[in-house]
Every structure is written in structure tokens, then in C-alpha cells.
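Structure data (CSV, C-alpha atoms) from my_file-v4.csv:
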chain,number,residue,atom,x,y,z
A,1,MET,CA,-7.5,-21.6,93.8
A,2,ASN,CA,-4.9,-21.7,96.4
A,3,ALA,CA,-1.3,-22.9,96.0
A,4,LYS,CA,-2.1,-26.2,97.7
A,5,GLN,CA,-4.8,-27.0,95.1
A,6,HIS,CA,-2.3,-26.3,92.3
A,7,LYS,CA,0.1,-29.0,93.5
A,8,VAL,CA,0.4,-32.1,91.3
A,9,ALA,CA,1.4,-35.6,92.2
A,10,LEU,CA,2.2,-38.5,89.9
A,11,VAL,CA,1.5,-41.9,91.3
A,12,THR,CA,2.6,-45.0,89.5
A,13,GLY,CA,0.8,-48.3,89.9
A,14,ALA,CA,-2.2,-46.2,90.7
A,15,ALA,CA,-5.0,-48.4,89.3
A,16,ARG,CA,-5.6,-50.3,92.6
A,17,GLY,CA,-4.2,-51.1,96.0
A,18,ILE,CA,-1.8,-48.8,97.8
A,19,GLY,CA,-1.4,-46.7,94.7
A,20,LEU,CA,-5.1,-46.0,94.3
A,21,ALA,CA,-5.5,-45.3,98.0
A,22,THR,CA,-2.5,-42.8,97.8
A,23,ALA,CA,-4.0,-41.1,94.7
A,24,LYS,CA,-7.3,-40.6,96.6
A,25,LYS,CA,-5.4,-39.2,99.6
A,26,PHE,CA,-3.7,-36.6,97.5
A,27,LEU,CA,-7.1,-35.7,96.0
A,28,ALA,CA,-8.7,-35.4,99.4
A,29,GLU,CA,-5.9,-33.0,100.4
A,30,GLY,CA,-6.6,-30.7,97.4
A,31,TRP,CA,-3.9,-31.9,95.0
A,32,ARG,CA,-4.3,-32.8,91.4
A,33,VAL,CA,-3.1,-36.3,90.5
A,34,ALA,CA,-1.8,-38.1,87.5
A,35,LEU,CA,-2.6,-41.8,87.8
A,36,LEU,CA,-0.2,-44.1,85.9
A,37,ASP,CA,-0.5,-47.8,85.4
A,38,ILE,CA,0.4,-50.6,82.9
A,39,ASN,CA,-3.1,-52.1,83.1
A,40,ALA,CA,-5.2,-49.9,80.9
A,41,GLU,CA,-8.6,-51.4,81.8
A,42,THR,CA,-8.1,-51.3,85.5
A,43,LEU,CA,-6.6,-47.8,85.3
A,44,HIS,CA,-9.5,-46.3,83.4
A,45,ARG,CA,-12.1,-48.0,85.6
A,46,ALA,CA,-10.4,-46.5,88.6
A,47,HIS,CA,-10.2,-43.1,86.9
A,48,THR,CA,-13.8,-43.2,86.0
A,49,GLU,CA,-14.9,-44.2,89.6
A,50,ILE,CA,-12.9,-41.3,91.1
A,51,ALA,CA,-14.9,-39.0,88.8
A,52,ARG,CA,-12.6,-35.9,89.2
A,53,PRO,CA,-11.9,-35.2,85.5
A,54,ASP,CA,-10.6,-31.6,86.2
A,55,ASP,CA,-8.1,-32.8,88.8
A,56,THR,CA,-7.0,-36.2,87.4
A,57,ILE,CA,-5.5,-37.8,84.4
A,58,ALA,CA,-5.0,-41.5,83.6
A,59,ILE,CA,-1.8,-42.5,81.8
A,60,GLU,CA,-1.1,-46.0,80.5
A,61,CYS,CA,2.6,-46.7,80.9
A,62,ASP,CA,5.2,-49.5,81.5
A,63,VAL,CA,7.6,-47.9,83.9
A,64,SER,CA,10.4,-50.2,82.7
A,65,GLN,CA,10.4,-48.7,79.3
A,66,PRO,CA,12.4,-45.4,78.9
A,67,ASP,CA,10.5,-44.1,76.0
A,68,ALA,CA,7.1,-44.8,77.6
A,69,VAL,CA,8.2,-43.0,80.8
A,70,SER,CA,9.5,-40.0,78.9
A,71,LEU,CA,6.1,-39.8,77.1
A,72,ALA,CA,4.2,-40.1,80.3
A,73,LEU,CA,6.1,-37.2,81.9
A,74,GLU,CA,5.5,-35.1,78.8
A,75,THR,CA,1.8,-35.8,79.2
A,76,VAL,CA,1.9,-34.7,82.8
A,77,ALA,CA,3.7,-31.5,81.8
A,78,ASN,CA,1.3,-30.7,79.0
A,79,HIS,CA,-1.8,-31.4,81.1
A,80,PHE,CA,-0.9,-29.9,84.5
A,81,GLY,CA,2.1,-27.7,83.7
A,82,ARG,CA,4.1,-28.8,86.8
A,83,LEU,CA,5.0,-31.7,89.1
A,84,ASP,CA,5.5,-31.5,92.8
A,85,THR,CA,5.6,-35.1,93.9
A,86,LEU,CA,6.3,-38.6,92.5
A,87,VAL,CA,5.3,-41.8,94.2
A,88,ASN,CA,7.1,-44.8,92.7
A,89,ASN,CA,4.6,-47.5,93.6
A,90,ALA,CA,4.4,-49.6,90.5
A,91,GLY,CA,5.8,-53.1,91.2
A,92,ILE,CA,5.5,-56.8,90.5
A,93,ALA,CA,6.2,-59.9,92.4
A,94,ILE,CA,7.1,-63.4,91.2
A,95,PHE,CA,7.3,-65.8,94.1
A,96,LYS,CA,9.3,-69.0,93.4
A,97,PRO,CA,11.9,-71.1,95.1
A,98,ILE,CA,15.4,-69.8,94.3
A,99,LEU,CA,16.4,-72.6,92.0
A,100,ASP,CA,13.2,-72.2,90.0
A,101,VAL,CA,13.6,-68.4,89.3
A,102,THR,CA,14.3,-68.0,85.6
A,103,TYR,CA,16.5,-65.4,84.0
A,104,GLU,CA,13.3,-63.9,82.5
A,105,ASP,CA,11.7,-63.8,86.0
A,106,TRP,CA,14.7,-62.0,87.4
A,107,CYS,CA,14.9,-59.4,84.6
A,108,LYS,CA,11.2,-58.7,84.7
A,109,VAL,CA,11.1,-58.1,88.4
A,110,LEU,CA,14.2,-55.9,88.5
A,111,ALA,CA,13.1,-54.0,85.4
A,112,THR,CA,9.8,-53.0,87.0
A,113,ASN,CA,10.7,-52.7,90.7
A,114,LEU,CA,14.2,-51.0,90.4
A,115,THR,CA,14.7,-49.7,86.9
A,116,GLY,CA,11.2,-48.3,86.9
A,117,PRO,CA,11.7,-45.9,89.8
A,118,PHE,CA,15.2,-45.0,88.4
A,119,LEU,CA,13.6,-44.0,85.1
A,120,CYS,CA,10.6,-42.2,86.5
A,121,THR,CA,12.8,-40.2,88.9
A,122,GLN,CA,15.2,-39.2,86.2
A,123,ALA,CA,12.3,-38.0,84.0
A,124,ALA,CA,10.4,-36.3,86.9
A,125,ALA,CA,13.2,-34.5,88.7
A,126,PRO,CA,13.7,-31.7,86.1
A,127,MET,CA,10.0,-30.9,86.2
A,128,MET,CA,10.1,-30.8,90.0
A,129,ARG,CA,13.2,-28.7,90.0
A,130,ASP,CA,11.4,-26.2,87.7
A,131,ALA,CA,8.4,-26.1,90.1
A,132,GLY,CA,10.7,-25.1,93.0
A,133,GLY,CA,11.5,-28.5,94.4
A,134,GLY,CA,9.4,-31.4,95.7
A,135,ALA,CA,9.3,-34.9,97.1
A,136,ILE,CA,9.7,-38.4,95.9
A,137,VAL,CA,8.6,-41.5,97.8
A,138,ASN,CA,9.7,-45.0,96.6
A,139,ILE,CA,7.6,-48.0,97.8
A,140,THR,CA,10.0,-50.6,98.9
A,141,SER,CA,9.0,-53.5,101.2
A,142,ILE,CA,10.0,-55.3,104.4
A,143,SER,CA,11.1,-58.0,101.9
A,144,GLY,CA,13.9,-55.7,101.0
A,145,LEU,CA,15.0,-55.6,104.7
A,146,ARG,CA,14.4,-59.1,105.8
A,147,ALA,CA,15.0,-62.2,103.7
A,148,SER,CA,12.3,-64.8,103.3
A,149,THR,CA,11.4,-67.7,101.1
A,150,LEU,CA,10.3,-67.4,97.5
A,151,ARG,CA,11.5,-63.8,97.2
A,152,THR,CA,14.9,-63.9,95.6
A,153,ALA,CA,14.1,-61.5,92.8
A,154,TYR,CA,11.4,-59.5,94.6
A,155,GLY,CA,13.3,-59.0,97.8
A,156,THR,CA,16.6,-58.1,96.0
A,157,SER,CA,14.8,-55.5,93.9
A,158,LYS,CA,13.3,-53.9,96.9
A,159,ALA,CA,16.6,-53.9,98.8
A,160,GLY,CA,18.2,-52.2,95.7
A,161,LEU,CA,15.3,-49.6,95.7
A,162,ALA,CA,16.0,-48.8,99.4
A,163,HIS,CA,19.6,-47.9,98.5
A,164,LEU,CA,18.6,-46.1,95.4
A,165,THR,CA,16.4,-44.0,97.6
A,166,LYS,CA,19.4,-42.9,99.6
A,167,GLN,CA,21.4,-42.2,96.5
A,168,GLN,CA,18.7,-40.1,95.0
A,169,ALA,CA,18.3,-38.2,98.3
A,170,ALA,CA,22.0,-37.4,98.3
A,171,GLU,CA,22.1,-36.1,94.8
A,172,LEU,CA,18.7,-34.5,94.3
A,173,ALA,CA,18.8,-32.4,97.5
A,174,ALA,CA,20.7,-29.7,95.5
A,175,LEU,CA,17.6,-29.4,93.3
A,176,GLY,CA,15.3,-29.0,96.3
A,177,ILE,CA,14.0,-32.5,96.0
A,178,ARG,CA,13.6,-34.8,99.0
A,179,VAL,CA,13.5,-38.6,98.5
A,180,ASN,CA,12.3,-41.1,101.0
A,181,ALA,CA,10.9,-44.6,100.9
A,182,VAL,CA,8.0,-46.5,102.6
A,183,ALA,CA,8.5,-50.2,103.3
A,184,PRO,CA,5.1,-51.8,103.7
A,185,GLY,CA,4.6,-54.9,105.7
A,186,PRO,CA,1.6,-57.2,105.1
A,187,VAL,CA,-1.3,-55.1,103.8
A,188,ASP,CA,-4.9,-56.1,103.1
A,189,THR,CA,-4.7,-55.5,99.4
A,190,ALA,CA,-6.7,-57.6,96.8
A,191,MET,CA,-3.5,-59.4,95.9
A,192,ALA,CA,-2.8,-60.4,99.6
A,193,LYS,CA,-6.3,-61.5,100.1
A,194,ALA,CA,-6.0,-63.7,97.0
A,195,VAL,CA,-2.7,-65.4,97.8
A,196,HIS,CA,-2.3,-65.4,101.6
A,197,THR,CA,-4.0,-68.4,103.0
A,198,PRO,CA,-5.4,-68.4,106.6
A,199,GLU,CA,-2.2,-70.2,107.7
A,200,ILE,CA,0.1,-67.5,106.1
A,201,ARG,CA,-2.0,-64.7,107.7
A,202,ALA,CA,-1.7,-66.4,111.1
A,203,ASP,CA,2.1,-66.7,110.6
A,204,TYR,CA,2.3,-63.0,109.9
A,205,HIS,CA,0.1,-62.1,112.8
A,206,ASP,CA,2.4,-64.2,115.1
A,207,HIS,CA,5.4,-62.1,114.2
A,208,MET,CA,3.8,-58.6,114.3
A,209,PRO,CA,3.4,-56.6,117.6
A,210,LEU,CA,0.2,-55.0,116.3
A,211,ASN,CA,-1.0,-58.5,115.3
A,212,ARG,CA,-2.9,-57.5,112.1
A,213,TYR,CA,-2.5,-56.6,108.5
A,214,GLY,CA,-2.3,-52.9,107.6
A,215,LEU,CA,-4.8,-51.0,105.5
A,216,GLU,CA,-4.1,-49.4,102.2
A,217,THR,CA,-5.3,-46.1,103.7
A,218,GLU,CA,-2.7,-46.4,106.5
A,219,LEU,CA,0.0,-46.7,103.9
A,220,ALA,CA,-1.4,-43.8,102.0
A,221,GLU,CA,-1.3,-41.6,105.1
A,222,ALA,CA,2.5,-42.3,105.6
A,223,ILE,CA,3.2,-41.7,101.9
A,224,PHE,CA,1.4,-38.4,101.9
A,225,PHE,CA,3.1,-37.3,105.1
A,226,LEU,CA,6.6,-37.8,103.5
A,227,CYS,CA,5.5,-35.8,100.5
A,228,SER,CA,4.1,-33.0,102.6
A,229,ASP,CA,5.7,-29.9,104.0
A,230,LYS,CA,5.4,-31.5,107.5
A,231,ALA,CA,8.3,-33.7,106.4
A,232,SER,CA,10.4,-30.9,105.1
A,233,TYR,CA,13.5,-32.0,107.0
A,234,ILE,CA,13.3,-35.7,106.2
A,235,THR,CA,15.2,-37.2,103.3
A,236,GLY,CA,17.1,-40.4,102.6
A,237,GLN,CA,15.0,-42.5,105.0
A,238,VAL,CA,13.2,-45.8,104.8
A,239,LEU,CA,10.0,-45.8,106.9
A,240,CYS,CA,8.7,-49.2,107.8
A,241,VAL,CA,4.9,-49.2,107.9
A,242,ASP,CA,4.5,-52.8,109.0
A,243,GLY,CA,2.9,-53.2,112.3
A,244,GLY,CA,6.3,-53.6,113.9
A,245,PHE,CA,7.2,-56.7,111.8
A,246,ASP,CA,10.8,-55.5,111.0
A,247,SER,CA,11.5,-54.5,114.6
A,248,THR,CA,10.9,-57.9,116.2
A,249,GLY,CA,12.4,-61.4,116.3
A,250,ILE,CA,10.9,-64.6,117.4
A,251,GLY,CA,8.8,-65.5,120.4
A,252,LEU,CA,5.8,-63.2,120.2
A,253,PRO,CA,3.2,-65.9,120.3
A,254,THR,CA,4.8,-67.5,123.4
A,255,LEU,CA,5.1,-64.1,125.2
A,256,ARG,CA,1.5,-63.2,124.4
A,257,ALA,CA,0.3,-66.5,125.9
A,258,GLU,CA,2.4,-65.9,129.0
A,259,MET,CA,1.0,-62.4,129.4
A,260,ARG,CA,-2.5,-63.7,129.1
A,261,ASN,CA,-1.9,-66.4,131.6
A,262,GLY,CA,0.2,-64.3,134.0
If you convert what's in this file into C-alpha cells, what do you get?
Amino acid sequence: MNAKQHKVALVTGAARGIGLATAKKFLAEGWRVALLDINAETLHRAHTEIARPDDTIAIECDVSQPDAVSLALETVANHFGRLDTLVNNAGIAIFKPILDVTYEDWCKVLATNLTGPFLCTQAAAPMMRDAGGGAIVNITSISGLRASTLRTAYGTSKAGLAHLTKQQAAELAALGIRVNAVAPGPVDTAMAKAVHTPEIRADYHDHMPLNRYGLETELAEAIFFLCSDKASYITGQVLCVDGGFDSTGIGLPTLRAEMRNG
């Protein structure tokens, strides 16, 4: 078995969506993967469907709980003996008007989306250091870069995670650990398909140069790149994988019409 096959990645929120696509990408590249998620049923179903028992392990864990995170990392250490990459993908969203956001809503979103990556990174970094270094990718969001309605807690948590990424990059470089973030735009996940009406999808399309939602596999490719040796001189960055959403302002529908009619 070559060195590439010996590398180990831990992906949080790995039971579905971007996390599952990312786990599959690492496996396809010859890595071994620890899949972590709070939803035990969905997690174990995904683990069973992957059908790679020698290369994977499923860990039920709430990333907002310090003791649970410590136990999860101990499980990775005991099972694989090393850790080379951490993908902090686990997150939740509570979309409400700002005056309807409760204290409990606020605390729950911040605990999962910001405290979770803080705890997981603290627990993972010593293992990665002992393996000779590694890479961490935090999954933020364009909602952390651009304000929008209903996202007081969610957007703030993701903005905080973007800065935490830079702080982690500055301090963990001495341990040989690179830290970057991927900020997804609209992605065709099961959640998006369930909650985005045709009108909402049209609004997103109107403001994106590529005029479409992204695919989970496209996010996985970007995440894997930042974890790979090909990104060896990249740290402290937030990469928007959003079809150009963050780069543009208003007027795209009008300009498109003019180009078609010109």
C-alpha cells in the first residue's frame, strides 16, 4: 500500500450532501475516511451504501459537545492510527426574520457552525502534527460574506467561521497544518431542493454569472484540492465556489436580455 492510500481524512456532516460527496471523493483518490455525523440512522445508511469497511468508519457525534468530539478523535486514532485532513462541514440553518430569532436558535446555530469547527480543529491538530502536518478545510457560506434575509444566526456563524479559518491558519502553520475555507453558493443538495421554490431558484439564477446551482461533486472537488499537495502553498484563504454569486452586483438579467437582443 502506498503512502497516498495510508492518508486519512475526517469529514464532519458526512451523512449526506456536500459532506458525503466529499467523503466519496477522498475514497476515490485512495484515502481512508472517517465519516462523522449527528444523525446516526442517515450516517450508518450512507456508510453501508459506500461498502468500504476496510477504508471507512462511521462515528456518531454532536460537534458542539467537547466530550463527544474528544471521543470521536480518539476513535479515529484507535482505528486508523493517524489523521491527515479534517473537513469541518457539519452545520445547521435556522431561517427566521431577525425579530423572530430566539436565544435558543442563536445558541444552537453558533454552537454547531462555529464552536463545532473550533472544537474539532483543537482535537484534530495534535494528531495531524504527529502525522507530519496536514490540511483543514472549513465549510463556510456565501451567507457569511453577503447579508441576506432570514440569516441572522446562520450568516453570522459563517462569517465568524471565515475569520476563524484565518486565525487557525496563522497559528497552526507552525505545526505544518494549512487551513482554508470553501464558501458554497447555492448547491443542489436535498435540503435546497426541499426548501427552494422555483421562484427562489430563479432569483438565485438571476444573480449568478453561471446561471445555475452547483453540484455537490463540484464542491467536493474544490475541498479535495485544498486538502491535497497541489495546494501546498495555500493557507488562510476563503474560496467561493458559487457560480460567481459573490463577485457580482445587480443587473445580470437585464444585461443578458440586452446581449440576446443585441
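Considering all atoms listed in the file, the residue among A:Glu216, A:Asp246, A:Asp229, A:Asp67 positioned nearest to Ile18 of chain A is A:Glu216.
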Where does segment 180-204 of chain A meet segment 77-96 of chain A within 12 Å, residue by residue, with the nearest atom pair and distance in Å to one decimal for each, counting all atoms listed in the file, listed by chain and rising number, as a Markdown table?
| residue | atom | partner | partner_atom | distance |
| --- | --- | --- | --- | --- |
| A:Asn180 | CA | A:Val87 | CA | 9.8 |
| A:Ala181 | CA | A:Asn88 | CA | 9.0 |
| A:Val182 | CA | A:Asn89 | CA | 9.7 |
| A:Ala183 | CA | A:Asn89 | CA | 10.8 |
| A:Pro184 | CA | A:Asn89 | CA | 11.0 |
| A:Met191 | CA | A:Ala93 | CA | 10.3 |
| A:Ala192 | CA | A:Ala93 | CA | 11.5 |
| A:Val195 | CA | A:Phe95 | CA | 10.7 |
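From atom CA of Phe245 of chain A back to atom CA of Ala23 of chain A, the distance works out to 25.7 Å.
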**Proximity to Gln167 of chain A - best of A:Cys227, A:Asp188, A:Thr121, A:Phe26, all atoms listed in the file** = A:Thr121
**Prompt:** Which of these residues is nearest to Ser228 of chain A, using all atoms listed in the file: A:Cys120, A:Ile139, A:Val8, A:Ala159?
**Reply:**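 The answer is A:Val8, which sits nearest to Ser228 of chain A.
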**Prompt:** Hey, what's within 9 Å of Pro209 of chain A if we count only C-alpha atoms and toss same-chain stuff fewer than 3 positions away? As a VMD selection string, please?
**Reply:** chain A and resid 205 to 206 212 243 to 245 247 to 248 252
Now that the selection is made, can you save its residues with C-alpha atoms as a PDB file, keeping the file's coordinate frame?
ATOM      1  CA  HIS A 205       0.100 -62.100 112.800  1.00  0.00           C
ATOM      2  CA  ASP A 206       2.400 -64.200 115.100  1.00  0.00           C
ATOM      3  CA  ARG A 212      -2.900 -57.500 112.100  1.00  0.00           C
ATOM      4  CA  GLY A 243       2.900 -53.200 112.300  1.00  0.00           C
ATOM      5  CA  GLY A 244       6.300 -53.600 113.900  1.00  0.00           C
ATOM      6  CA  PHE A 245       7.200 -56.700 111.800  1.00  0.00           C
ATOM      7  CA  SER A 247      11.500 -54.500 114.600  1.00  0.00           C
ATOM      8  CA  THR A 248      10.900 -57.900 116.200  1.00  0.00           C
ATOM      9  CA  LEU A 252       5.800 -63.200 120.200  1.00  0.00           C
TER      10      LEU A 252
END
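Closest to Gly144 of chain A among A:Gly13, A:Gly160, A:Pro198, A:Gly116 is A:Gly160, based on only C-alpha atoms.
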**Message:** Please compute the atom CA of Ala170 of chain A-atom CA of Ala222 of chain A distance, one decimal, in Å.
**Reply:**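 Going from atom CA of Ala170 of chain A over to atom CA of Ala222 of chain A, I get 21.4 Å.
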